[in-house]
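To start, the structure itself, in structure tokens.
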Amino acid sequence: MALHLTRHFHRPARLLMSIIFLLSGVGKLGAVEVTQKYMEAYGVPGYLLYPAAFFDIGSGIMLLLGSLTRHLSVVLAGWCMLTAFIFHKKFDDQNQTINFLKNTAMAGGFLVLADSDAPGASLAAGPFSSRKDKTGLKHSCTVLEALRSRKDEFT
């Protein structure tokens, strides 16, 4: 029986990717004046700090829970690219270049996550799912049935 181990990577991937959004959102709210000045230095109105912070926190929570992962991942890929081109375009500054590349790598990761639709432990297989089929749930049942049928081999 061939188990697809990659399906076990989605939960830790979502956890790791959500951390940066949760910390970023909380960080914005913890340093309002400094963050507003930073945003304004790049031509972004400071009053957008609050929507950006709540977007970061909300996205981080949804990502962590696996809620609407496919759609959210596409939005976050766009968000990462948008913020990269606004805030990290001074390529003569090594930190800016690293942050630009980090954002583009995250955008790529989100596109991969959008393609996989976060199977496994997520709300994607729950009652509020936008998915027509509960593939993750069906796969889990298939694995359990296969294990039950082979239990004599293990005992």
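Following the order of the structure tokens, chains are lettered A, B, ..., residues in each are numbered from 1, and ligands are numbered from 1.
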
Checklist entry - Any idea what's packed within 10 Å of region 48-50 of chain A, counting only C-alpha atoms, ignoring anything in its chain fewer than 2 positions away? Could you give it as a PyMOL selection string? => result chain A and resi 25+28-29+32-33+35-36+39-40+44-46+52-56

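Between CA of Ile86 (chain A) and CA of Lys37 (chain A) lies a distance of 14.3 Å.
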
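Across the model, the gap from CA of Thr69 (chain A) to CA of Ala31 (chain A) is 29.1 Å.
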
Item to check | Spatial neighbours of Ser18 (chain A), max dist 6 Å, only C-alpha atoms, sep filter under 2 positions, as a count of residues only | outcome: 8

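With distances restricted to only C-alpha atoms, A:Ala77 is the closest residue to Gly108 (chain A) from A:Met17, A:Ala77, A:Val34, A:Leu82.
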
Checklist entry - Hey, which of A:Val112, A:Ala13, A:Met106, A:Met81 ends up closest to Leu65 (chain A)? Count only C-alpha atoms. => result A:Ala13

Checklist entry - Got a sec: who's within 9 Å of Ala84 (chain A), counting only C-alpha atoms, leaving out chain neighbours fewer than 2 positions off, as a list in words? => result Trp79, Cys80, Met81, Leu82, Ile86, Phe87, His88, Lys89, Gln96, Asn99, Phe100, Leu101, Lys102, Asn103 and Thr104 of chain A

Write a file of the selected residues as a compact mmCIF listing (two decimals), in the first residue's frame, keeping N, CA and C atoms.
# COMPACT_ATOMS: atom_id res chain seq x y z
N TRP A 79 -0.71 39.36 -2.36
CA TRP A 79 -0.33 40.28 -1.27
C TRP A 79 1.19 40.31 -1.10
N CYS A 80 1.81 39.13 -1.13
CA CYS A 80 3.26 39.05 -0.98
C CYS A 80 3.96 39.79 -2.12
N MET A 81 3.46 39.61 -3.34
CA MET A 81 4.08 40.29 -4.49
C MET A 81 3.84 41.80 -4.41
N LEU A 82 2.64 42.20 -4.03
CA LEU A 82 2.34 43.63 -3.90
C LEU A 82 3.26 44.29 -2.89
N ILE A 86 6.24 47.17 -3.40
CA ILE A 86 6.09 48.49 -2.75
C ILE A 86 7.21 48.74 -1.76
N PHE A 87 7.47 47.78 -0.87
CA PHE A 87 8.35 48.04 0.27
C PHE A 87 9.77 47.48 0.14
N HIS A 88 10.04 46.67 -0.85
CA HIS A 88 11.36 46.02 -0.91
C HIS A 88 12.00 46.13 -2.29
N LYS A 89 11.93 47.30 -2.88
CA LYS A 89 12.45 47.46 -4.24
C LYS A 89 13.79 48.19 -4.32
N GLN A 96 16.77 44.78 1.83
CA GLN A 96 15.61 44.93 0.94
C GLN A 96 15.57 43.79 -0.09
N ASN A 99 14.44 40.62 1.62
CA ASN A 99 13.00 40.65 1.88
C ASN A 99 12.19 40.53 0.60
N PHE A 100 12.68 41.12 -0.49
CA PHE A 100 12.00 40.98 -1.78
C PHE A 100 11.97 39.51 -2.19
N LEU A 101 13.13 38.85 -2.09
CA LEU A 101 13.21 37.44 -2.46
C LEU A 101 12.38 36.57 -1.52
N LYS A 102 12.34 36.91 -0.24
CA LYS A 102 11.50 36.18 0.72
C LYS A 102 10.03 36.27 0.31
N ASN A 103 9.60 37.48 -0.05
CA ASN A 103 8.21 37.66 -0.45
C ASN A 103 7.88 36.89 -1.73
N THR A 104 8.80 36.90 -2.69
CA THR A 104 8.53 36.17 -3.93
C THR A 104 8.52 34.66 -3.67

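Picture a line from CA of Pro51 (chain A) to CA of Phe85 (chain A); it runs 18.9 Å.
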
Checklist entry - Contacts of Phe110 (chain A) at 6 Å or less, counting only C-alpha atoms, minus same-chain residues fewer than 3 places along, as a PyMOL selection string? => result chain A and resi 73+77+107+113-114

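With only C-alpha atoms as the atoms that count, the residue of A:Gly66, A:Gly78, A:Gly58, A:Gly109 with the shortest distance to Val26 (chain A) is A:Gly58.
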
Next on the checklist: Restricting the calculation to only C-alpha atoms: of A:Gln94, A:Thr83, A:Ser67, A:Ser59, which residue gets closest to Leu22 (chain A)?
Outcome noted: A:Ser59

Checklist outcome for this item: One residue among A:Ala105, A:Met62, A:Val75, A:Ile98 is nearest to Ile19 (chain A) when using only C-alpha atoms, and that residue is A:Met62
